[in-house]
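**Student:** You'll find coords_37.txt just under this line, and it carries compact mmCIF, C-alpha atoms.
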# COMPACT_ATOMS: atom_id res chain seq x y z
CA MET B 1 264.53 98.34 214.88
CA ASN B 2 263.16 101.08 217.15
CA ASN B 3 266.48 101.31 218.96
CA VAL B 4 268.38 101.54 215.67
CA ALA B 5 266.11 104.28 214.34
CA GLN B 6 266.29 106.28 217.58
CA TYR B 7 270.07 105.90 217.74
CA ALA B 8 270.54 107.17 214.18
CA LEU B 9 268.20 110.11 214.79
CA GLU B 10 269.96 111.18 217.98
CA LYS B 11 273.45 110.76 216.52
CA ALA B 12 272.59 113.02 213.58
CA LEU B 13 271.07 115.68 215.86
CA LYS B 14 274.09 115.61 218.18
CA ALA B 15 276.27 116.25 215.13
CA GLY B 16 274.47 119.58 214.70
CA VAL B 17 272.10 119.08 211.79
CA ASN B 18 268.80 120.97 211.80
CA LYS B 19 266.39 118.24 210.73
CA VAL B 20 266.53 114.46 210.48
CA SER B 21 264.26 111.65 209.31
CA VAL B 22 264.98 107.94 209.66
CA GLN B 23 263.17 104.88 208.35
CA VAL B 24 264.24 101.39 209.36
CA SER B 25 262.63 98.29 207.89
CA ASN B 26 263.16 94.58 207.87
CA GLY B 27 261.47 91.91 205.86
CA ARG B 28 261.21 88.17 205.51
CA LYS B 29 260.14 86.44 202.30
CA ASP B 30 259.34 82.74 201.98
CA GLU B 31 259.52 81.98 198.28
CA PHE B 32 258.93 79.16 195.80
CA ASN B 33 260.44 79.49 192.32
CA ILE B 34 259.11 77.73 189.23
CA GLU B 35 261.03 77.35 185.97
CA ALA B 36 259.31 75.90 182.89
CA ASN B 37 256.44 74.51 185.02
CA ASN B 38 258.74 72.74 187.49
CA PHE B 39 259.78 73.63 191.04
CA SER B 40 263.36 74.86 190.99
CA LEU B 41 263.97 76.56 194.33
CA MET B 42 262.56 77.11 197.81
CA ARG B 43 264.21 79.76 199.93
CA THR B 44 263.75 82.29 202.71
CA LEU B 45 265.19 85.78 202.23
CA PHE B 46 265.81 88.43 204.89
CA GLU B 47 266.33 92.11 204.23
CA ASP B 48 267.21 95.05 206.47
CA GLU B 49 267.31 98.67 205.37
CA LEU B 50 267.97 102.03 206.98
CA THR B 51 267.16 105.20 205.06
CA LEU B 52 268.42 108.47 206.49
CA LYS B 53 267.80 112.08 205.49
CA VAL B 54 269.44 115.09 207.11
CA ILE B 55 268.99 118.79 206.42
CA THR B 56 271.44 121.37 207.64
CA ASN B 57 271.25 125.01 206.54
CA ASN B 58 268.80 123.98 203.81
CA ARG B 59 271.32 121.46 202.46
CA LYS B 60 270.16 117.86 202.13
CA GLY B 61 271.96 114.55 202.42
CA THR B 62 270.38 111.12 201.97
CA MET B 63 271.74 107.65 202.57
CA SER B 64 270.49 104.06 202.50
CA ILE B 65 272.27 100.98 203.87
CA ASN B 66 271.31 97.34 204.31
CA LYS B 67 273.15 96.72 207.59
CA LEU B 68 271.90 97.79 211.00
CA ASP B 69 274.96 97.22 213.21
CA LYS B 70 276.36 100.18 215.15
CA ASP B 71 279.43 100.70 212.97
CA SER B 72 277.35 100.69 209.77
CA VAL B 73 274.85 103.16 211.23
CA ASP B 74 277.63 105.43 212.48
CA GLY B 75 279.23 105.42 209.05
CA ALA B 76 275.91 106.14 207.31
CA VAL B 77 275.16 109.11 209.57
CA GLU B 78 278.63 110.60 209.05
CA GLU B 79 278.48 110.12 205.27
CA CYS B 80 274.97 111.53 205.06
CA ILE B 81 276.00 114.68 206.95
CA ALA B 82 279.07 115.05 204.69
CA MET B 83 276.81 114.80 201.63
CA ALA B 84 274.53 117.51 203.04
CA LYS B 85 277.42 119.89 203.69
CA ALA B 86 278.65 119.39 200.12
CA SER B 87 275.25 119.93 198.48
CA ALA B 88 273.68 123.15 197.23
CA PRO B 89 271.16 124.85 199.53
CA ASP B 90 267.50 124.40 198.61
CA GLU B 91 264.75 126.00 200.71
CA ALA B 92 262.22 123.46 199.43
CA GLU B 93 263.85 120.69 201.47
CA ASP B 94 261.94 119.84 204.65
CA ILE B 95 260.51 117.07 206.81
CA ALA B 96 256.92 116.44 207.88
CA PRO B 97 255.47 118.23 210.92
CA LEU B 98 254.00 116.27 213.82
CA VAL B 99 250.25 115.83 213.41
CA LYS B 100 249.36 112.36 214.70
CA ASN B 101 251.50 109.33 215.40
CA GLU B 102 250.08 105.88 214.66
CA ASN B 103 250.87 102.17 214.70
CA PHE B 104 249.51 99.81 212.05
CA SER B 105 249.19 96.04 212.09
CA ARG B 106 248.11 94.05 209.03
CA THR B 107 249.37 90.64 210.02
CA ILE B 108 247.47 87.49 208.98
CA GLY B 109 248.85 84.89 211.38
CA GLY B 110 252.17 84.17 209.72
CA ALA B 111 253.09 82.03 206.74
CA ASP B 112 251.22 78.86 205.85
CA LYS B 113 254.08 77.49 203.77
CA GLN B 114 252.44 74.13 203.22
CA LYS B 115 249.33 75.76 201.75
CA LEU B 116 251.47 78.16 199.71
CA PHE B 117 253.28 75.14 198.27
CA SER B 118 249.95 73.38 197.61
CA ARG B 119 248.46 76.42 195.83
CA THR B 120 251.62 76.75 193.73
CA GLN B 121 251.55 73.05 192.87
CA GLU B 122 247.84 73.33 192.05
CA PHE B 123 248.53 76.20 189.64
CA ILE B 124 251.20 74.24 187.80
CA GLN B 125 249.03 71.14 187.59
CA GLU B 126 246.11 73.12 186.18
CA LEU B 127 248.42 74.57 183.54
CA LYS B 128 249.42 71.06 182.52
CA ASP B 129 245.84 69.77 182.51
CA LYS B 130 243.90 72.69 180.99
CA TYR B 131 246.51 74.80 179.22
CA PRO B 132 249.10 72.25 178.06
CA THR B 133 250.83 74.57 175.59
CA VAL B 134 251.56 77.21 178.26
CA SER B 135 254.86 77.31 180.13
CA THR B 136 255.58 79.59 183.06
CA ASP B 137 258.41 80.90 185.18
CA MET B 138 256.88 81.98 188.46
CA GLN B 139 257.47 83.18 192.00
CA THR B 140 254.98 82.63 194.81
CA GLU B 141 255.72 84.32 198.12
CA PHE B 142 254.73 85.04 201.67
CA ASN B 143 255.97 88.45 202.79
CA HIS B 144 256.34 89.82 206.32
CA THR B 145 257.59 93.39 206.75
CA LYS B 146 258.09 95.76 209.66
CA ALA B 147 258.91 99.45 209.31
CA ILE B 148 259.40 102.40 211.64
CA TYR B 149 259.63 106.05 210.62
CA LEU B 150 260.95 108.77 212.97
CA ASN B 151 261.82 112.39 212.44
CA SER B 152 263.16 115.22 214.55
CA ASN B 153 259.74 116.92 214.66
CA GLY B 154 258.49 114.01 216.78
CA VAL B 155 256.74 112.05 214.04
CA GLU B 156 256.66 108.28 214.66
CA PHE B 157 254.92 105.60 212.59
CA ASN B 158 255.13 101.82 212.93
CA ASP B 159 253.75 99.38 210.38
CA GLU B 160 253.74 95.57 210.31
CA ALA B 161 252.22 93.76 207.33
CA GLU B 162 251.90 90.25 205.87
CA TRP B 163 250.62 89.10 202.49
CA TYR B 164 250.90 86.47 199.77
CA TYR B 165 252.08 87.32 196.28
CA ALA B 166 252.42 85.53 192.95
CA GLN B 167 253.89 86.73 189.67
CA PRO B 168 253.98 84.30 186.75
CA MET B 169 255.57 85.09 183.40
CA PHE B 170 254.19 82.83 180.70
CA SER B 171 253.83 82.05 177.00
CA ALA B 172 252.34 79.29 174.85
CA LYS B 173 254.10 77.22 172.22
CA GLU B 174 252.84 74.87 169.51
CA GLY B 175 255.59 73.39 167.37
CA GLU B 176 257.75 76.24 166.13
CA ALA B 177 255.08 78.88 166.78
CA SER B 178 254.81 80.67 170.12
CA SER B 179 252.91 83.51 171.69
CA SER B 180 254.48 86.68 172.99
CA PHE B 181 255.35 86.34 176.68
CA ASN B 182 253.05 87.93 179.21
CA TYR B 183 253.21 88.52 182.95
CA TYR B 184 250.80 89.35 185.74
CA ALA B 185 250.97 89.90 189.50
CA VAL B 186 248.43 89.18 192.23
CA ALA B 187 248.45 89.77 195.99
CA ALA B 188 246.19 88.27 198.65
CA ASP B 189 245.79 88.24 202.43
CA ASN B 190 244.75 84.58 202.43
CA LEU B 191 245.02 81.45 200.31
CA ASP B 192 241.31 80.64 200.16
CA LYS B 193 241.25 80.95 196.37
CA PRO B 194 243.51 79.27 193.81
CA PHE B 195 246.05 81.65 192.26
CA MET B 196 244.46 80.95 188.87
CA ASP B 197 241.23 82.59 190.05
CA LEU B 198 242.80 85.86 191.23
CA GLY B 199 242.54 88.99 189.11
CA MET B 200 242.74 88.36 185.35
CA LEU B 201 245.19 85.49 185.57
CA ARG B 202 243.01 82.72 184.17
CA THR B 203 241.84 84.92 181.29
CA LEU B 204 245.40 85.89 180.38
CA ILE B 205 246.61 82.29 180.53
CA ALA B 206 243.80 81.14 178.23
CA GLU B 207 244.42 84.02 175.85
CA SER B 208 248.09 83.12 175.71
CA GLU B 209 247.10 79.83 174.09
CA ARG B 210 244.92 81.71 171.62
CA SER B 211 247.84 83.99 170.77
CA VAL B 212 250.10 81.34 169.28
CA LYS B 213 248.53 81.92 165.88
CA THR B 214 248.36 85.62 165.09
CA ARG B 215 247.05 87.75 162.29
CA MET B 216 248.46 90.95 160.90
CA VAL B 217 246.06 93.87 160.67
CA ASP B 218 245.92 94.43 156.92
CA ASP B 219 245.45 98.18 156.78
CA LYS B 220 245.80 101.43 158.68
CA PHE B 221 242.78 103.06 160.27
CA VAL B 222 241.65 105.27 163.12
CA GLY B 223 239.45 103.34 165.52
CA LYS B 224 238.64 102.21 169.01
CA ILE B 225 240.53 100.11 171.50
CA ILE B 226 239.36 98.39 174.67
CA LEU B 227 242.02 98.55 177.34
CA THR B 228 241.93 95.68 179.84
CA PRO B 229 242.94 96.08 183.51
CA ALA B 230 246.06 94.03 182.75
CA CYS B 231 247.41 96.91 180.63
CA ASP B 232 247.62 99.37 183.53
CA ASP B 233 250.82 101.05 182.36
CA MET B 234 249.54 102.19 178.95
CA ILE B 235 247.39 105.02 180.34
CA TRP B 236 247.29 105.19 184.15
CA TYR B 237 250.96 104.85 185.05
CA THR B 238 251.89 106.92 182.01
CA LEU B 239 249.77 109.77 183.36
CA LEU B 240 251.41 109.46 186.77
CA TRP B 241 255.01 109.29 185.58
CA ASN B 242 254.79 111.88 182.82
CA PHE B 243 252.16 114.43 183.83
CA LEU B 244 251.46 114.23 187.57
CA ASP B 245 254.60 113.26 189.50
CA THR B 246 257.18 115.48 191.17
CA SER B 247 259.78 115.21 188.39
CA SER B 248 257.49 116.30 185.54
CA MET B 249 256.01 119.10 187.61
CA ILE B 250 259.33 120.56 188.75
CA SER B 251 260.78 120.35 185.24
CA GLY B 252 257.67 122.06 183.87
CA THR B 253 257.20 119.44 181.14
CA SER B 254 253.74 118.33 182.26
CA ARG B 255 250.88 119.44 180.03
CA TRP B 256 248.83 119.65 183.19
CA LYS B 257 251.21 121.84 185.19
CA ASP B 258 248.64 124.67 185.33
CA ALA B 259 245.48 122.57 184.99
CA LEU B 260 244.53 122.00 188.65
CA SER B 261 240.75 122.31 189.18
CA THR B 262 240.06 122.31 185.44
CA LEU B 263 238.42 119.70 183.23
CA VAL B 264 241.17 117.48 181.77
CA ALA B 265 239.13 114.38 180.89
CA ASP B 266 235.69 113.05 180.09
CA LYS B 267 233.37 113.45 183.08
CA LYS B 268 233.05 109.66 183.22
CA LEU B 269 236.60 109.41 184.56
CA THR B 270 237.47 109.26 188.25
CA PHE B 271 241.08 108.16 188.72
CA SER B 272 242.32 107.66 192.30
CA SER B 273 245.17 106.57 194.53
CA SER B 274 243.66 104.25 197.14
CA PRO B 275 246.19 102.50 199.41
CA LEU B 276 243.60 102.26 202.22
CA ASN B 277 241.02 100.50 200.06
CA PRO B 278 240.53 97.03 201.65
CA ASP B 279 240.99 95.51 198.19
CA MET B 280 244.57 96.86 198.11
CA ILE B 281 246.47 94.14 199.93
CA VAL B 282 249.82 95.87 199.45
CA GLY B 283 249.12 99.49 200.42
CA GLU B 284 251.24 102.04 202.24
CA ARG B 285 250.17 103.55 205.56
CA PHE B 286 252.65 106.42 205.70
CA THR B 287 254.68 108.22 203.07
CA SER B 288 258.43 108.17 202.70
CA ASP B 289 258.54 111.83 203.76
CA GLY B 290 256.59 111.29 206.98
CA PHE B 291 252.86 111.84 206.44
CA LEU B 292 249.94 109.53 207.15
CA SER B 293 248.63 108.15 203.86
CA GLN B 294 245.09 108.93 202.78
CA ASP B 295 243.08 107.96 199.71
CA PHE B 296 242.49 110.74 197.18
CA ASP B 297 241.45 111.40 193.59
CA TYR B 298 243.87 112.53 190.91
CA ILE B 299 240.93 113.14 188.60
CA LYS B 300 237.34 113.43 189.89
CA ASP B 301 234.51 113.42 187.35
CA GLY B 302 236.98 114.60 184.71
CA MET B 303 238.39 117.41 186.87
CA LEU B 304 242.09 117.46 187.82
CA ASN B 305 241.93 117.26 191.60
CA SER B 306 245.53 116.60 192.65
CA TYR B 307 249.07 116.08 191.44
CA ALA B 308 251.33 113.28 192.73
CA LEU B 309 253.69 115.69 194.50
CA ASN B 310 255.73 114.74 197.54
CA LEU B 311 256.64 117.34 200.18
CA TYR B 312 259.68 118.56 198.27
CA GLY B 313 257.72 118.80 195.02
CA ALA B 314 254.93 120.73 196.72
CA ASN B 315 257.37 123.19 198.28
CA LYS B 316 259.27 123.59 195.02
CA THR B 317 256.21 124.20 192.83
CA GLY B 318 253.92 125.94 195.32
CA LYS B 319 251.19 123.39 194.57
CA PRO B 320 249.43 121.07 197.06
CA ARG B 321 251.14 117.92 198.30
CA ALA B 322 249.49 114.61 197.38
CA ALA B 323 247.81 112.74 200.22
CA ASN B 324 249.96 109.64 199.70
CA SER B 325 252.91 108.41 197.68
CA ALA B 326 251.43 105.04 196.63
CA LEU B 327 251.83 105.39 192.89
CA TYR B 328 251.04 101.69 192.42
CA ASN B 329 247.69 101.54 194.30
CA ILE B 330 245.59 102.99 191.47
CA GLU B 331 241.82 102.73 191.31
CA VAL B 332 239.47 103.84 188.53
CA ALA B 333 235.73 104.13 189.14
CA ALA B 334 233.42 101.73 187.33
CA GLY B 335 231.24 102.91 184.46
CA ASP B 336 227.71 102.00 183.41
CA THR B 337 228.36 99.73 180.41
CA SER B 338 228.96 95.98 180.57
CA LEU B 339 232.10 94.63 178.97
CA SER B 340 230.04 92.58 176.52
CA GLU B 341 228.16 95.71 175.44
CA MET B 342 231.43 97.59 175.02
CA ILE B 343 232.77 94.89 172.70
CA LYS B 344 229.53 94.91 170.70
CA GLY B 345 230.02 98.65 170.20
CA VAL B 346 233.29 98.23 168.28
CA ASP B 347 233.05 97.66 164.53
CA LYS B 348 236.81 97.40 164.11
CA GLY B 349 239.40 97.83 166.83
CA ILE B 350 241.77 96.10 169.25
CA LEU B 351 241.42 94.51 172.71
CA ILE B 352 244.69 95.45 174.45
CA ASN B 353 246.28 93.31 177.17
CA ARG B 354 249.84 94.61 176.90
CA PHE B 355 251.48 97.59 175.24
CA SER B 356 255.16 97.96 174.42
CA GLY B 357 256.08 101.56 173.74
CA ALA B 358 258.37 104.38 174.76
CA SER B 359 257.31 107.03 177.26
CA PRO B 360 255.53 109.96 175.63
CA GLY B 361 257.16 113.31 175.15
CA PRO B 362 255.82 116.46 176.81
CA SER B 363 253.03 116.69 174.21
CA GLY B 364 251.66 113.27 175.21
CA ASP B 365 252.19 111.65 171.81
CA ILE B 366 252.97 107.96 172.13
CA SER B 367 253.33 104.96 169.85
CA GLY B 368 254.06 101.31 170.39
CA VAL B 369 253.10 97.73 169.66
CA ALA B 370 250.01 95.88 170.90
CA LYS B 371 251.08 92.63 172.56
CA ASN B 372 248.91 89.70 173.69
CA SER B 373 246.02 91.54 172.08
CA PHE B 374 243.06 90.70 169.83
CA LEU B 375 241.20 92.13 166.87
CA ILE B 376 237.59 93.19 167.41
CA GLU B 377 235.46 92.89 164.28
CA ASN B 378 231.75 93.61 164.00
CA GLY B 379 231.31 93.57 167.76
CA LYS B 380 233.20 90.30 168.37
CA VAL B 381 236.68 89.47 169.62
CA THR B 382 238.36 87.43 166.89
CA ASP B 383 242.02 86.70 166.13
CA ALA B 384 245.16 87.53 168.05
CA VAL B 385 247.11 90.29 166.33
CA SER B 386 250.81 90.47 165.54
CA GLU B 387 253.08 93.51 165.26
CA THR B 388 250.19 95.94 165.31
CA MET B 389 251.21 99.55 165.92
CA LEU B 390 249.14 101.99 167.97
CA SER B 391 249.64 105.76 167.86
CA PHE B 392 247.73 108.29 169.95
CA ASN B 393 248.01 111.21 172.32
CA VAL B 394 247.63 109.93 175.85
CA VAL B 395 246.21 113.22 177.18
CA ASP B 396 243.90 113.98 174.27
CA ILE B 397 242.14 110.58 174.21
CA LEU B 398 240.91 111.20 177.76
CA GLN B 399 238.68 114.00 176.49
CA ASN B 400 236.15 111.65 174.90
CA ILE B 401 235.76 108.23 176.53
CA PRO B 402 232.96 106.26 174.82
CA ALA B 403 232.53 103.72 177.64
CA ILE B 404 233.84 102.36 180.93
CA SER B 405 232.84 98.89 182.09
CA LYS B 406 230.62 98.10 185.03
CA GLU B 407 232.98 95.26 185.86
CA ARG B 408 236.22 95.93 187.68
CA CYS B 409 239.21 93.65 188.19
CA VAL B 410 240.76 93.37 191.66
CA ASN B 411 244.23 91.82 191.90
CA GLY B 412 245.29 93.02 195.37
CA ILE B 413 247.36 95.88 193.92
CA THR B 414 244.96 97.80 191.64
CA VAL B 415 241.19 98.07 191.11
CA LEU B 416 240.46 98.80 187.45
CA PRO B 417 237.64 98.52 184.90
CA TRP B 418 237.88 97.96 181.15
CA PHE B 419 238.11 101.18 179.11
CA MET B 420 237.12 102.10 175.59
CA PHE B 421 239.17 104.81 173.90
CA ASP B 422 238.60 106.30 170.44
CA GLY B 423 240.80 108.12 167.96
CA ILE B 424 243.62 105.55 168.02
CA THR B 425 245.66 105.12 164.84
CA ILE B 426 245.98 101.37 164.29
CA SER B 427 248.30 100.01 161.63
CA GLY B 428 249.57 96.60 160.56
CA LYS B 429 251.52 95.89 157.42
Show me this structure written as C-alpha cells.

**Tutor:**
Amino acid sequence: MNNVAQYALEKALKAGVNKVSVQVSNGRKDEFNIEANNFSLMRTLFEDELTLKVITNNRKGTMSINKLDKDSVDGAVEECIAMAKASAPDEAEDIAPLVKNENFSRTIGGADKQKLFSRTQEFIQELKDKYPTVSTDMQTEFNHTKAIYLNSNGVEFNDEAEWYYAQPMFSAKEGEASSSFNYYAVAADNLDKPFMDLGMLRTLIAESERSVKTRMVDDKFVGKIILTPACDDMIWYTLLWNFLDTSSMISGTSRWKDALSTLVADKKLTFSSSPLNPDMIVGERFTSDGFLSQDFDYIKDGMLNSYALNLYGANKTGKPRAANSALYNIEVAAGDTSLSEMIKGVDKGILINRFSGASPGPSGDISGVAKNSFLIENGKVTDAVSETMLSFNVVDILQNIPAISKERCVNGITVLPWFMFDGITISGK
C-alpha cells in the first residue's frame, strides 16, 4: 500500500502537476448473511481503493480506482491529470499543509469468526423464542481496514482498524397484518455482549411486535414529540446535510450561512462531531483532504460554533474549516430530565422511532410520516400509530426544546439522548 501510494504521488509530480494527494486503502470483511431468520451466506470480501487528486494551475482532477496494479495506477494518474487540464480554474482548490504526521492502530486481535457466528445464531434464536412474530434480514460482520494518506506537502497518515458490525432489518407479522419494516446498526470492538443488548436494538425489536396493530390519529393538532436516538436522521443529519455542510454553504441556501457565533438553538443543546470519543467504534482519524481529525461542537449551549466545511468549502466561503469530516459520528449532550419524566410531560403527542420525509427546502420546512412510532396520551405511551403526518420547521423547533433526557444511547456510531420538541403539527385522518 505504501509503495503504491508513493508511486502514484511521484508519478503525478513528475508529470508536472503542482499539488497531489493520494489515499490508498484495503479492507477485509468476514460476513454472515441472514434471510428470514435463517443463515443464507457466509463470505469474505476484499476491497482495494486508490483515490487521487491533482491540482495544476488551480485546476483540479480527481480519480478513484479499485485496482492497485502498476498499469491501473499509471492509467489513473494520466486520466486524473487530463481531467485537471480540462477543468475550470478555481483558486479555492488546495491540499492540506504539513503539521504533524501520525500512525494509528485500532486493531482488536483479528476476527473471532466462531464467536461472531455464535452471537449471530444467538440473536436469531432469541428472536424465535422471545419475539416469534418478528422476521429479520441481517448482516453481521468483522471488518479490518488499512489506509494511508500522502500529499505533496509531506503529509502522511496511516490508520489500521478492526471492528464488529451488525445491521438487521426487521418487521413483525401476525396473520395478514404486519408492522412497518425497521432497521438499526450497531458497531462494537468486542463480542462480550449479545447483539440484542447493543444500542436500542432490543427495544426496537419489541416495539416492532407492538406495531402490528396500529391506530390512526383521529384529528389534527399541534403538540409535542419525543424523538428517540434511533431516529437520528430526522433532525441531526438533516441539519448537517441541509444547513451546515459544504454544499449548502457554497450554494448559499443555508439559513445559518451568516449565523456563526450566534444563538441558533435552545441553550440546552450541544451538538457535536466526536470521532475520537471512545464510544465511537467506527471513527475517522484523518480527513479525506489531509488533516488530523479532532472532536468539535457544531452547536455549543445553543450557539453555532462551526460549520461542516471541508478545506475547499472553507476556502470558497471564507469561513473556518471543520475539525473533522466524520458526518456520521454525531454526539448530543445529555439533558437533566429522565425519559420517564419526559413521557409524563406529554398530554398528547408521538414517540418517534423512524421518520419518512423529503429533505427540507431552504426555509427548513419539512413534512413526512411517522413510522414505527407510538401515541403518547396523558403521559403514557399507548398504541402504535399508522400513517400519521408530521409537519414542522426543522430550524425553528430548535429554539425551544422542552426537555432532553439524562439517558443516552450508545450504538458504536452515535451517542444520542431522547429529545422532546414542541410545535409539531400532527395529523391523522

**Student:** Can you tell me, as number ranges by chain, what residues are no more than 9 Å from Asn153 (chain B) when counting only C-alpha atoms, ignoring any on the same chain fewer than 5 positions away?

**Tutor:** B: 19-21, 95-98

**Student:** Between B:Asp219, B:Asp94, B:Asp245, B:Glu331, which has the minimum distance to Asn151 (chain B) (counting all atoms listed in the file)?

**Tutor:** B:Asp94

**Student:** Show me, as a PyMOL selection string, the residues that have an atom within 9 Å of region 159-164 of chain B when counting only C-alpha atoms, minus same-chain residues fewer than 5 positions from it.

**Tutor:** chain B and resi 102-111+116+140-149+186-191+281-282+284-286

**Student:** Tell me which of B:Met389, B:Leu416, B:Val134, B:Ala82 sits closest to Ser273 (chain B), counting all atoms listed in the file.

**Tutor:**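 Counting all atoms listed in the file, the residue closest to Ser273 (chain B) is B:Leu416.
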
**Student:** Need the neighbours of (256.3, 107.6, 177.3): which residues are at most 10 Å away, counting all atoms listed in the file, as a list of chain:residue names?

**Tutor:**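 Protein and nucleic acid residues near the point are B:Asp233, B:Met234, B:Ile235, B:Tyr237, B:Thr238, B:Leu239, B:Trp241, B:Asn242, B:Gly357, B:Ala358, B:Ser359, B:Pro360, B:Gly361, B:Pro362, B:Gly364, B:Asp365, B:Ile366, B:Ser367, B:Gly368, B:Val394.
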
**Student:** Once you count all atoms listed in the file, what closest atom pair and distance in Å to one decimal does each residue of region 3-27 of chain B within 7 Å of region 68-81 of chain B have, with rows by chain and rising residue number, as JSON lines?

**Tutor:**
{"residue": "B:Val4", "atom": "CA", "partner": "B:Leu68", "partner_atom": "CA", "distance": 6.9}
{"residue": "B:Ala8", "atom": "CA", "partner": "B:Val73", "partner_atom": "CA", "distance": 6.6}
{"residue": "B:Ala12", "atom": "CA", "partner": "B:Val77", "partner_atom": "CA", "distance": 6.2}

**Student:** Taking into account all atoms listed in the file, which residue in the set B:Pro194, B:Gly223, B:Gly290, B:Gly27 is nearest to Gly349 (chain B)?

**Tutor:**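 Checking each of B:Pro194, B:Gly223, B:Gly290, B:Gly27 against Gly349 (chain B), counting all atoms listed in the file, the winner is B:Gly223.
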
**Student:** Using all atoms listed in the file and a cutoff of 8 Å, can you tell me which residues are near (251.0, 76.1, 180.8) in the file's coordinates, and write them out as a list in words?

**Tutor:** Asn37, Ile124, Glu126, Leu127, Lys128, Lys130, Tyr131, Pro132, Thr133, Val134, Ser135, Thr136, Phe170, Ser171, Ala172 and Ile205 of chain B

**Student:** If you measure from CA of Gly345 (chain B) to CA of Ser373 (chain B), what distance in Å do you get, rounded to one decimal?

**Tutor:**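 Atom-to-atom, CA of Gly345 (chain B) and CA of Ser373 (chain B) are spaced 17.6 Å apart.
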